[in-house]
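Novice: To be precise about what I am sending: the file is called query01.cif and holds mmCIF, C-alpha atoms.
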```cif
data_protein
#
loop_
_atom_site.label_atom_id
_atom_site.label_comp_id
_atom_site.auth_asym_id
_atom_site.auth_seq_id
_atom_site.Cartn_x
_atom_site.Cartn_y
_atom_site.Cartn_z
CA MET A 1 0.00 0.00 0.00
CA GLY A 2 1.51 3.30 -1.09
CA LYS A 3 1.56 6.40 1.07
CA HIS A 4 0.45 9.81 -0.17
CA ALA A 5 1.93 13.25 0.48
CA TYR A 6 -0.43 16.21 0.74
CA LEU A 7 1.28 19.49 -0.10
CA ILE A 8 -0.60 22.53 1.18
CA ILE A 9 0.11 26.18 0.33
CA ALA A 10 -1.47 28.57 2.84
CA HIS A 11 -1.20 32.10 4.16
CA ASN A 12 -4.30 32.75 6.30
CA LYS A 13 -7.48 31.32 7.88
CA PHE A 14 -5.57 28.92 10.09
CA GLU A 15 -8.62 27.48 11.89
CA GLN A 16 -9.97 26.43 8.50
CA LEU A 17 -6.53 25.06 7.68
CA LYS A 18 -6.65 22.89 10.81
CA MET A 19 -10.01 21.56 9.64
CA LEU A 20 -8.50 20.65 6.27
CA CYS A 21 -5.61 18.82 7.96
CA GLU A 22 -7.97 16.86 10.20
CA MET A 23 -10.03 15.83 7.17
CA LEU A 24 -6.85 14.47 5.53
CA ASP A 25 -5.68 12.68 8.68
CA PHE A 26 -5.20 9.02 7.69
CA GLU A 27 -2.45 6.50 8.32
CA GLN A 28 -1.51 6.41 4.62
CA ASN A 29 -1.25 10.21 4.34
CA ASP A 30 1.42 12.67 5.44
CA ILE A 31 0.95 16.42 5.32
CA TYR A 32 3.51 19.01 4.22
CA MET A 33 2.75 22.67 4.67
CA HIS A 34 4.16 25.83 3.12
CA ILE A 35 3.23 28.95 5.04
CA ASP A 36 3.91 32.20 3.20
CA ALA A 37 6.95 33.92 4.71
CA HIS A 38 4.95 37.17 4.75
CA VAL A 39 3.04 35.65 7.70
CA THR A 40 4.64 36.44 11.06
CA ASP A 41 2.07 35.09 13.54
CA PHE A 42 1.84 31.41 12.54
CA ASP A 43 2.01 28.84 15.35
CA ALA A 44 3.16 25.53 13.82
CA ASP A 45 2.93 23.63 17.12
CA SER A 46 -0.81 24.30 17.37
CA PHE A 47 -1.46 22.08 14.33
CA ARG A 48 0.19 18.82 15.34
CA PRO A 49 -2.06 17.80 18.31
CA SER A 50 -5.11 17.58 16.03
CA LEU A 51 -3.56 14.78 13.91
CA ARG A 52 -3.84 11.19 15.10
CA HIS A 53 -2.41 9.31 12.12
CA SER A 54 -0.58 11.60 9.67
CA LYS A 55 2.85 13.11 10.11
CA MET A 56 3.04 16.85 9.56
CA LYS A 57 6.13 18.70 8.35
CA PHE A 58 6.76 22.25 7.22
CA ALA A 59 8.61 23.16 4.04
CA GLU A 60 11.18 25.92 3.73
CA ARG A 61 9.26 29.17 3.59
CA THR A 62 9.42 31.73 0.82
CA ARG A 63 7.65 35.06 0.33
CA VAL A 64 4.86 34.30 -2.13
CA ASN A 65 3.55 37.06 -4.40
CA TRP A 66 0.53 36.74 -6.67
CA GLY A 67 1.48 35.76 -10.22
CA GLY A 68 5.21 35.54 -9.49
CA TYR A 69 7.74 32.73 -9.81
CA SER A 70 7.64 32.60 -6.00
CA GLN A 71 4.47 30.51 -6.34
CA ILE A 72 6.42 27.84 -8.24
CA GLN A 73 9.20 28.06 -5.67
CA ALA A 74 6.72 27.30 -2.89
CA GLU A 75 5.58 24.20 -4.79
CA LEU A 76 9.15 23.05 -5.36
CA ASN A 77 9.94 23.55 -1.67
CA LEU A 78 6.99 21.32 -0.79
CA LEU A 79 7.96 18.66 -3.32
CA LYS A 80 11.52 18.65 -1.99
CA ALA A 81 10.39 18.41 1.62
CA ALA A 82 8.28 15.33 0.83
CA ALA A 83 10.72 13.70 -1.61
CA ASN A 84 13.63 14.08 0.84
CA SER A 85 11.67 12.77 3.83
CA GLY A 86 12.75 9.15 3.40
CA GLU A 87 9.21 8.06 2.51
CA ASP A 88 8.41 6.59 -0.91
CA TYR A 89 5.11 8.32 -1.73
CA SER A 90 3.03 6.94 -4.57
CA TYR A 91 1.10 10.22 -4.96
CA TYR A 92 1.68 13.90 -4.28
CA HIS A 93 -1.42 16.12 -4.00
CA LEU A 94 -1.14 19.92 -4.14
CA LEU A 95 -3.89 21.82 -2.32
CA SER A 96 -4.41 25.36 -1.13
CA GLY A 97 -5.52 26.31 2.34
CA ALA A 98 -8.89 27.27 0.83
CA ASP A 99 -9.59 23.70 -0.41
CA LEU A 100 -11.57 20.94 1.28
CA PRO A 101 -11.98 17.25 0.42
CA LEU A 102 -15.44 16.02 -0.51
CA ARG A 103 -14.81 12.38 0.43
CA PRO A 104 -13.18 10.62 3.41
CA ALA A 105 -9.40 10.46 3.29
CA GLN A 106 -9.20 6.68 2.82
CA GLU A 107 -11.73 6.79 -0.03
CA ILE A 108 -9.61 9.38 -1.82
CA TRP A 109 -6.49 7.30 -1.17
CA GLY A 110 -8.17 4.22 -2.67
CA PHE A 111 -9.29 6.13 -5.75
CA PHE A 112 -5.76 7.17 -6.69
CA GLU A 113 -4.15 3.88 -5.70
CA GLN A 114 -6.37 2.10 -8.22
CA ARG A 115 -5.33 4.38 -11.08
CA GLY A 116 -1.68 5.40 -11.04
CA THR A 117 -2.12 8.14 -13.66
CA GLU A 118 -1.28 11.85 -13.59
CA PHE A 119 -4.17 14.09 -12.56
CA ILE A 120 -3.35 17.45 -14.14
CA HIS A 121 -5.86 19.90 -15.59
CA PHE A 122 -5.23 21.56 -18.96
CA SER A 123 -7.03 24.67 -20.20
CA ALA A 124 -8.74 24.76 -23.57
CA HIS A 125 -6.43 24.99 -26.60
CA ASP A 126 -7.86 28.35 -27.74
CA PHE A 127 -7.20 29.97 -24.36
CA ALA A 128 -3.73 28.48 -24.06
CA MET A 129 -2.75 29.74 -27.52
CA GLU A 130 -3.88 33.32 -26.92
CA GLU A 131 -1.03 35.82 -27.16
CA ARG A 132 -1.50 37.02 -23.57
CA THR A 133 -1.25 33.40 -22.34
CA GLN A 134 1.87 32.57 -24.34
CA GLU A 135 3.65 35.75 -23.27
CA ARG A 136 3.43 34.66 -19.64
CA ALA A 137 6.80 32.98 -20.18
CA LYS A 138 7.69 34.24 -23.66
CA CYS A 139 8.62 37.66 -22.27
CA TYR A 140 10.39 38.76 -19.10
CA HIS A 141 7.97 40.10 -16.47
CA LEU A 142 10.65 41.82 -14.49
CA LEU A 143 8.33 43.55 -12.02
CA GLN A 144 5.79 40.77 -11.45
CA GLU A 145 6.91 39.93 -7.92
CA LYS A 146 6.27 43.57 -6.99
CA VAL A 147 3.20 44.11 -9.19
CA GLY A 148 1.11 41.24 -7.85
CA ARG A 149 -2.45 41.55 -9.09
CA PRO A 150 -2.88 43.66 -12.25
CA THR A 151 -3.57 47.09 -10.76
CA GLY A 152 -1.67 50.30 -10.13
CA TRP A 153 1.08 52.18 -11.93
CA LEU A 154 3.63 49.38 -11.56
CA TYR A 155 1.34 47.12 -13.58
CA TYR A 156 1.24 49.59 -16.47
CA MET A 157 5.03 49.95 -16.33
CA GLU A 158 5.27 46.15 -16.44
CA ARG A 159 2.97 46.03 -19.49
CA GLY A 160 5.09 48.65 -21.21
CA LEU A 161 8.22 46.53 -20.72
CA VAL A 162 6.42 43.50 -22.15
CA GLU A 163 5.24 45.43 -25.23
CA MET A 164 8.81 46.65 -25.79
CA GLN A 165 10.08 43.05 -25.71
CA LYS A 166 7.45 42.01 -28.24
CA LEU A 167 8.72 44.70 -30.60
CA LEU A 168 12.24 43.36 -30.09
CA ARG A 169 10.95 39.80 -30.71
CA VAL A 170 12.15 38.44 -27.40
CA ASP A 171 11.20 34.75 -27.24
CA ARG A 172 12.17 32.88 -24.09
CA LEU A 173 10.13 29.88 -25.21
CA LYS A 174 12.44 29.09 -28.11
CA ARG A 175 15.50 29.80 -26.00
CA ASN A 176 14.38 27.16 -23.52
CA GLY A 177 13.39 24.57 -26.11
CA MET A 178 9.62 25.13 -26.00
CA GLU A 179 7.37 25.46 -29.01
CA ARG A 180 4.48 26.74 -26.90
CA LEU A 181 3.09 26.95 -23.38
CA TYR A 182 0.43 24.65 -22.04
CA CYS A 183 -1.57 25.88 -19.08
CA GLY A 184 -4.27 24.84 -16.64
CA SER A 185 -5.07 24.59 -12.97
CA GLN A 186 -2.17 24.91 -10.54
CA TRP A 187 -3.56 22.14 -8.30
CA PHE A 188 -2.56 18.56 -9.08
CA SER A 189 -2.33 14.93 -7.97
CA ILE A 190 0.76 13.35 -9.52
CA THR A 191 2.63 10.09 -9.08
CA GLY A 192 5.86 9.81 -7.14
CA ALA A 193 7.70 9.15 -10.40
CA LEU A 194 6.55 12.45 -11.90
CA ALA A 195 7.27 14.35 -8.67
CA LYS A 196 10.88 13.13 -8.79
CA TYR A 197 11.12 14.03 -12.49
CA VAL A 198 9.90 17.58 -11.76
CA LEU A 199 12.60 18.01 -9.11
CA SER A 200 15.25 16.70 -11.51
CA LYS A 201 14.27 19.53 -13.90
CA GLU A 202 14.43 22.31 -11.31
CA ASP A 203 17.25 24.18 -13.07
CA TRP A 204 15.34 24.13 -16.37
CA ILE A 205 12.14 25.25 -14.63
CA LYS A 206 13.95 28.22 -13.11
CA SER A 207 15.55 29.17 -16.42
CA ALA A 208 12.29 28.88 -18.36
CA PHE A 209 9.81 30.38 -15.89
CA SER A 210 11.59 32.80 -13.57
CA TYR A 211 10.40 36.37 -14.23
CA GLY A 212 7.19 34.91 -15.66
CA CYS A 213 3.61 35.96 -15.00
CA CYS A 214 1.15 33.41 -13.55
CA VAL A 215 3.53 30.64 -14.64
CA ASP A 216 2.42 28.44 -11.74
CA GLU A 217 -0.44 27.60 -14.12
CA CYS A 218 1.94 26.70 -16.95
CA PHE A 219 5.15 25.08 -15.79
CA LEU A 220 3.89 21.59 -14.90
CA GLN A 221 1.62 21.28 -17.93
CA THR A 222 4.41 22.36 -20.28
CA LEU A 223 7.02 20.16 -18.63
CA VAL A 224 4.77 17.10 -18.76
CA MET A 225 3.87 17.58 -22.43
CA GLN A 226 7.58 17.54 -23.28
CA SER A 227 8.12 14.26 -21.44
CA ALA A 228 7.08 10.61 -21.50
CA PHE A 229 4.57 11.42 -18.73
CA ALA A 230 2.29 12.96 -21.38
CA GLY A 231 1.19 9.39 -22.11
CA ASN A 232 0.10 8.81 -18.51
CA LEU A 233 -2.45 11.61 -18.11
CA SER A 234 -5.82 10.75 -16.59
CA MET A 235 -7.55 12.73 -19.36
CA PRO A 236 -6.30 14.08 -22.70
CA PRO A 237 -5.00 17.67 -22.49
CA GLU A 238 -7.62 18.96 -24.93
CA ALA A 239 -10.47 17.93 -22.60
CA ASP A 240 -10.47 21.14 -20.48
CA ASP A 241 -12.31 19.20 -17.76
CA TYR A 242 -11.67 19.58 -14.03
CA HIS A 243 -12.16 15.85 -13.61
CA ALA A 244 -8.61 15.81 -14.98
CA ASN A 245 -7.42 16.83 -11.49
CA MET A 246 -10.61 15.85 -9.60
CA ARG A 247 -11.06 19.34 -8.17
CA TRP A 248 -14.34 21.24 -8.46
CA ILE A 249 -13.36 24.80 -9.27
CA ASP A 250 -16.29 26.92 -10.46
CA TRP A 251 -15.27 29.80 -12.72
CA LYS A 252 -18.84 30.40 -13.95
CA ARG A 253 -20.17 31.79 -10.66
CA GLY A 254 -16.99 33.46 -9.42
CA ASN A 255 -13.28 34.12 -9.87
CA PRO A 256 -13.34 31.37 -8.71
CA TYR A 257 -16.62 30.93 -6.86
CA THR A 258 -16.60 30.57 -3.07
CA PHE A 259 -18.97 27.77 -2.09
CA GLU A 260 -21.80 28.90 0.17
CA ASP A 261 -23.76 27.25 2.96
CA GLY A 262 -26.57 26.25 0.60
CA ASP A 263 -24.19 24.33 -1.69
CA TYR A 264 -23.59 21.33 0.59
CA GLU A 265 -25.94 18.86 -1.12
CA GLU A 266 -24.61 19.81 -4.54
CA LEU A 267 -21.03 19.29 -3.38
CA ILE A 268 -21.73 15.89 -1.81
CA ALA A 269 -23.64 14.73 -4.90
CA SER A 270 -20.72 15.55 -7.20
CA ASP A 271 -18.10 13.02 -8.30
CA TYR A 272 -15.16 15.30 -7.52
CA LEU A 273 -12.76 14.47 -4.68
CA PHE A 274 -11.81 18.05 -3.71
CA ALA A 275 -13.31 21.50 -4.17
CA ARG A 276 -12.16 25.07 -3.88
CA LYS A 277 -12.63 27.55 -2.61
CA PHE A 278 -14.14 27.82 0.88
CA ASP A 279 -14.26 30.57 3.49
CA MET A 280 -15.21 29.37 6.97
CA ASP A 281 -15.50 32.93 8.26
CA GLN A 282 -18.12 33.79 5.66
CA TYR A 283 -19.79 30.41 5.09
CA PRO A 284 -19.09 28.21 8.14
CA LYS A 285 -22.02 25.79 7.76
CA VAL A 286 -20.87 24.22 4.49
CA CYS A 287 -17.33 23.75 5.84
CA LYS A 288 -18.54 22.15 9.07
CA ALA A 289 -21.01 19.91 7.22
CA LEU A 290 -18.28 18.64 4.89
CA TYR A 291 -16.01 18.07 7.88
CA LYS A 292 -18.67 16.12 9.73
CA ASN A 293 -19.52 14.04 6.67
CA CYS A 294 -15.90 13.16 5.84
CA VAL A 295 -14.71 12.50 9.38
CA LYS A 296 -17.86 10.60 10.42
CA ASN A 297 -17.75 8.37 7.33
CA SER A 298 -14.00 7.95 7.78
CA GLN A 299 -14.41 6.70 11.35
CA LYS A 300 -17.27 4.41 10.30
CA GLU A 301 -15.19 2.84 7.53
CA LEU A 302 -12.23 2.47 9.91
CA ARG A 303 -14.41 0.61 12.44
CA ILE A 304 -15.63 -1.72 9.68
CA GLU A 305 -12.06 -2.33 8.51
CA ASN A 306 -10.85 -3.07 12.05
CA LYS A 307 -13.72 -5.53 12.54
CA PHE A 308 -12.72 -7.27 9.31
CA VAL A 309 -9.14 -7.56 10.52
CA ILE A 310 -10.31 -9.25 13.74
CA ILE A 311 -12.33 -11.78 11.74
CA ALA A 312 -9.35 -12.48 9.51
CA VAL A 313 -7.02 -13.01 12.46
CA HIS A 314 -9.35 -15.39 14.29
CA GLY A 315 -10.52 -17.21 11.16
CA SER A 316 -8.67 -19.48 8.77
CA LYS A 317 -4.89 -19.19 8.78
CA ASN A 318 -4.93 -19.11 4.99
CA ARG A 319 -7.36 -16.19 4.74
CA ARG A 320 -5.98 -13.08 3.03
CA ARG A 321 -7.33 -9.56 3.18
CA GLY A 322 -9.04 -8.35 0.06
#
```
Please lay out the structure from this file as structure tokens.
Specialist:
Amino acid sequence: MGKHAYLIIAHNKFEQLKMLCEMLDFEQNDIYMHIDAHVTDFDADSFRPSLRHSKMKFAERTRVNWGGYSQIQAELNLLKAAANSGEDYSYYHLLSGADLPLRPAQEIWGFFEQRGTEFIHFSAHDFAMEERTQERAKCYHLLQEKVGRPTGWLYYMERGLVEMQKLLRVDRLKRNGMERLYCGSQWFSITGALAKYVLSKEDWIKSAFSYGCCVDECFLQTLVMQSAFAGNLSMPPEADDYHANMRWIDWKRGNPYTFEDGDYEELIASDYLFARKFDMDQYPKVCKALYKNCVKNSQKELRIENKFVIIAVHGSKNRRRG
């Protein structure tokens, strides 16, 4: 039975984050956390007592800025923390602190263990091929770590620098051996083999995507499509379907939509394994209902499993667990 590593990027709402960790608490899961280095009041020790089964470790912290390469660096720090832990994880799952699982932890574990494919979302071809998408890494976005979200005078200065590079025909894609960028959701569930491959390409990732804009939504998709792992995707890249990473992310009702208290039944009825995003301060009922459903069902299944083990031990010596 393979173990899974959950990689969580967070910067606020730490009570909700504790809830997420408790929902993932399972003997086959370990949890790795990256807390934005901008945060100065985080108490790591307050998290560990709530976990009964999973180990929790914290990755090297970096200052994360919206749209900057620092978002990729946080992911790489998490991957390295898990890969260098001495455990041989069969899956690595990247979540944000605003995500919640929709199924008990052991059910999610069983789903991935039965498949062994790469769960990575790809955006539609037309969107990916738009000029503004391709220039995320085609041009140097020298001020992106300071600009953050696209507002203010720094943003317009940044756009001016990009337009100047386009006139000069700067093309970082070709320089780094890429014909084009692929893009999609940042959040993934990938095999241990792919996680190790990503870390082996860290120098190339830094060369190709540093000084990019929103490249956390491009680097993994592009790297995979240039590798043998392209043949192990759970869904073809042209699908543009969030079942490709089993996360329900609703861009029709929001940017993305924050699930509300009245959405519980819809969430439970879905066939996704995770959803984002949630805000327990604003909509506490849906978060607590999901927690109760996942933890209650998890404990029920664990009791059934333990009962089965007792029967197997006291029954025939030749009996094997299914």
Novice: Give me, as a Markdown table, the closest atom pair and its distance (Å, one decimal) for every residue of segment 152-271 of chain A within a cut-off of 12 Å of segment 3-13 of chain A, counting only C-alpha atoms, rows sorted by chain and rising number.
Specialist:
```
| residue | atom | partner | partner_atom | distance |
| --- | --- | --- | --- | --- |
| A:Gln186 | CA | A:Ile9 | CA | 11.2 |
| A:Trp187 | CA | A:Leu7 | CA | 9.9 |
| A:Phe188 | CA | A:Leu7 | CA | 9.8 |
| A:Ser189 | CA | A:Tyr6 | CA | 9.0 |
| A:Ile190 | CA | A:His4 | CA | 10.0 |
| A:Thr191 | CA | A:His4 | CA | 9.2 |
| A:Gly192 | CA | A:His4 | CA | 8.8 |
| A:Ala195 | CA | A:Ala5 | CA | 10.7 |
```
Novice: What residues have an atom no more than 10 Å from (-0.2, 11.0, 9.8) in the file's own frame, counting all atoms listed in the file, and can you write them as a list of chain:residue names?
Specialist: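 So the residues meeting the distance criterion are A:Ala5, A:Cys21, A:Glu22, A:Leu24, A:Asp25, A:Phe26, A:Glu27, A:Gln28, A:Asn29, A:Asp30, A:Ile31, A:Arg48, A:Leu51, A:Arg52, A:His53, A:Ser54, A:Lys55, A:Met56.
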Novice: Have a look at A:Ser96, A:Ser227, A:Ser234, A:Ser200 and name the one nearest to Phe274 of chain A; count all atoms listed in the file.
Specialist: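 Checking each of A:Ser96, A:Ser227, A:Ser234, A:Ser200 against Phe274 of chain A, counting all atoms listed in the file, the winner is A:Ser96.
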Novice: Quote the spacing between atom CA of Ser90 of chain A and atom CA of Val295 of chain A in Å to one decimal place.
Specialist: 23.2 Å
Novice: Atom CA of Leu199 of chain A and atom CA of Met23 of chain A, how far apart in Å?
Specialist: 28.0 Å
Novice: Please evaluate the PyMOL selection byres ((chain A and resi 214) around 9) against the structure above and give the resulting residues as a list in words.
Specialist: Trp66, Gly67, Gly68, Tyr69, Gln71, Arg136, Ala137, Gln144, Gly212, Cys213, Val215, Asp216, Glu217 and Cys218 of chain A
Novice: Taking C-alpha atoms for each residue, export the selection above as a PDB file, in the frame of the given file.
Specialist:
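Writing the result to out.pdb gives the following:
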```pdb
ATOM      1  CA  TRP A  66       0.530  36.740  -6.670  1.00  0.00           C
ATOM      2  CA  GLY A  67       1.480  35.760 -10.220  1.00  0.00           C
ATOM      3  CA  GLY A  68       5.210  35.540  -9.490  1.00  0.00           C
ATOM      4  CA  TYR A  69       7.740  32.730  -9.810  1.00  0.00           C
ATOM      5  CA  GLN A  71       4.470  30.510  -6.340  1.00  0.00           C
ATOM      6  CA  ARG A 136       3.430  34.660 -19.640  1.00  0.00           C
ATOM      7  CA  ALA A 137       6.800  32.980 -20.180  1.00  0.00           C
ATOM      8  CA  GLN A 144       5.790  40.770 -11.450  1.00  0.00           C
ATOM      9  CA  GLY A 212       7.190  34.910 -15.660  1.00  0.00           C
ATOM     10  CA  CYS A 213       3.610  35.960 -15.000  1.00  0.00           C
ATOM     11  CA  VAL A 215       3.530  30.640 -14.640  1.00  0.00           C
ATOM     12  CA  ASP A 216       2.420  28.440 -11.740  1.00  0.00           C
ATOM     13  CA  GLU A 217      -0.440  27.600 -14.120  1.00  0.00           C
ATOM     14  CA  CYS A 218       1.940  26.700 -16.950  1.00  0.00           C
TER      15      CYS A 218
END
```
Novice: Can you measure atom CA of Glu15 of chain A to atom CA of Phe259 of chain A for me? One decimal in Å is fine.
Specialist: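 Calculated distance between atom CA of Glu15 of chain A and atom CA of Phe259 of chain A is 17.4 Å.
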Novice: Please evaluate the PyMOL selection byres ((chain A and resi 211) around 6) against the structure above and give the resulting residues as a compact mmCIF listing (two decimals) with C-alpha atoms, in the coordinates of the input.
Specialist:
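Saved file out22.txt follows:
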```
# COMPACT_ATOMS: atom_id res chain seq x y z
CA TYR A 140 10.39 38.76 -19.10
CA HIS A 141 7.97 40.10 -16.47
CA LEU A 142 10.65 41.82 -14.49
CA SER A 210 11.59 32.80 -13.57
CA GLY A 212 7.19 34.91 -15.66
```
Novice: Return the single residue from A:Met1, A:Cys183, A:Glu135, A:Thr151 that is closest to Gln165 of chain A, with distances computed using all atoms listed in the file.
Specialist: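 So, comparing all the options, the nearest one is A:Glu135.
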Novice: Which neighbours of Ala37 of chain A fall inside 7 Å, counting all atoms listed in the file, when residues of the same chain fewer than 6 positions from it are skipped, and could you give them as a list in words?
Specialist: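 Once the adjacent positions are removed, what remains is Arg61, Thr62 and Arg63 of chain A.
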Novice: Would you please work out which residue, of A:Tyr197, A:Tyr182, A:Tyr242, A:Trp251, is nearest to Phe219 of chain A when using only C-alpha atoms?
Specialist: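 The shortest atom-to-atom distance to Phe219 of chain A comes from A:Tyr182.
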Novice: Counting all atoms listed in the file, which residue out of A:Asp43, A:Glu266, A:Asp240, A:Glu131 sits closest to Lys166 of chain A?
Specialist: A:Glu131
Novice: Show which residues sit within 9 Å of Ala208 of chain A, as a VMD selection string. Count only C-alpha atoms, and ignore same-chain residues fewer than 6 positions away.
Specialist: chain A and resid 137 to 138 172 to 173 175 to 178 219
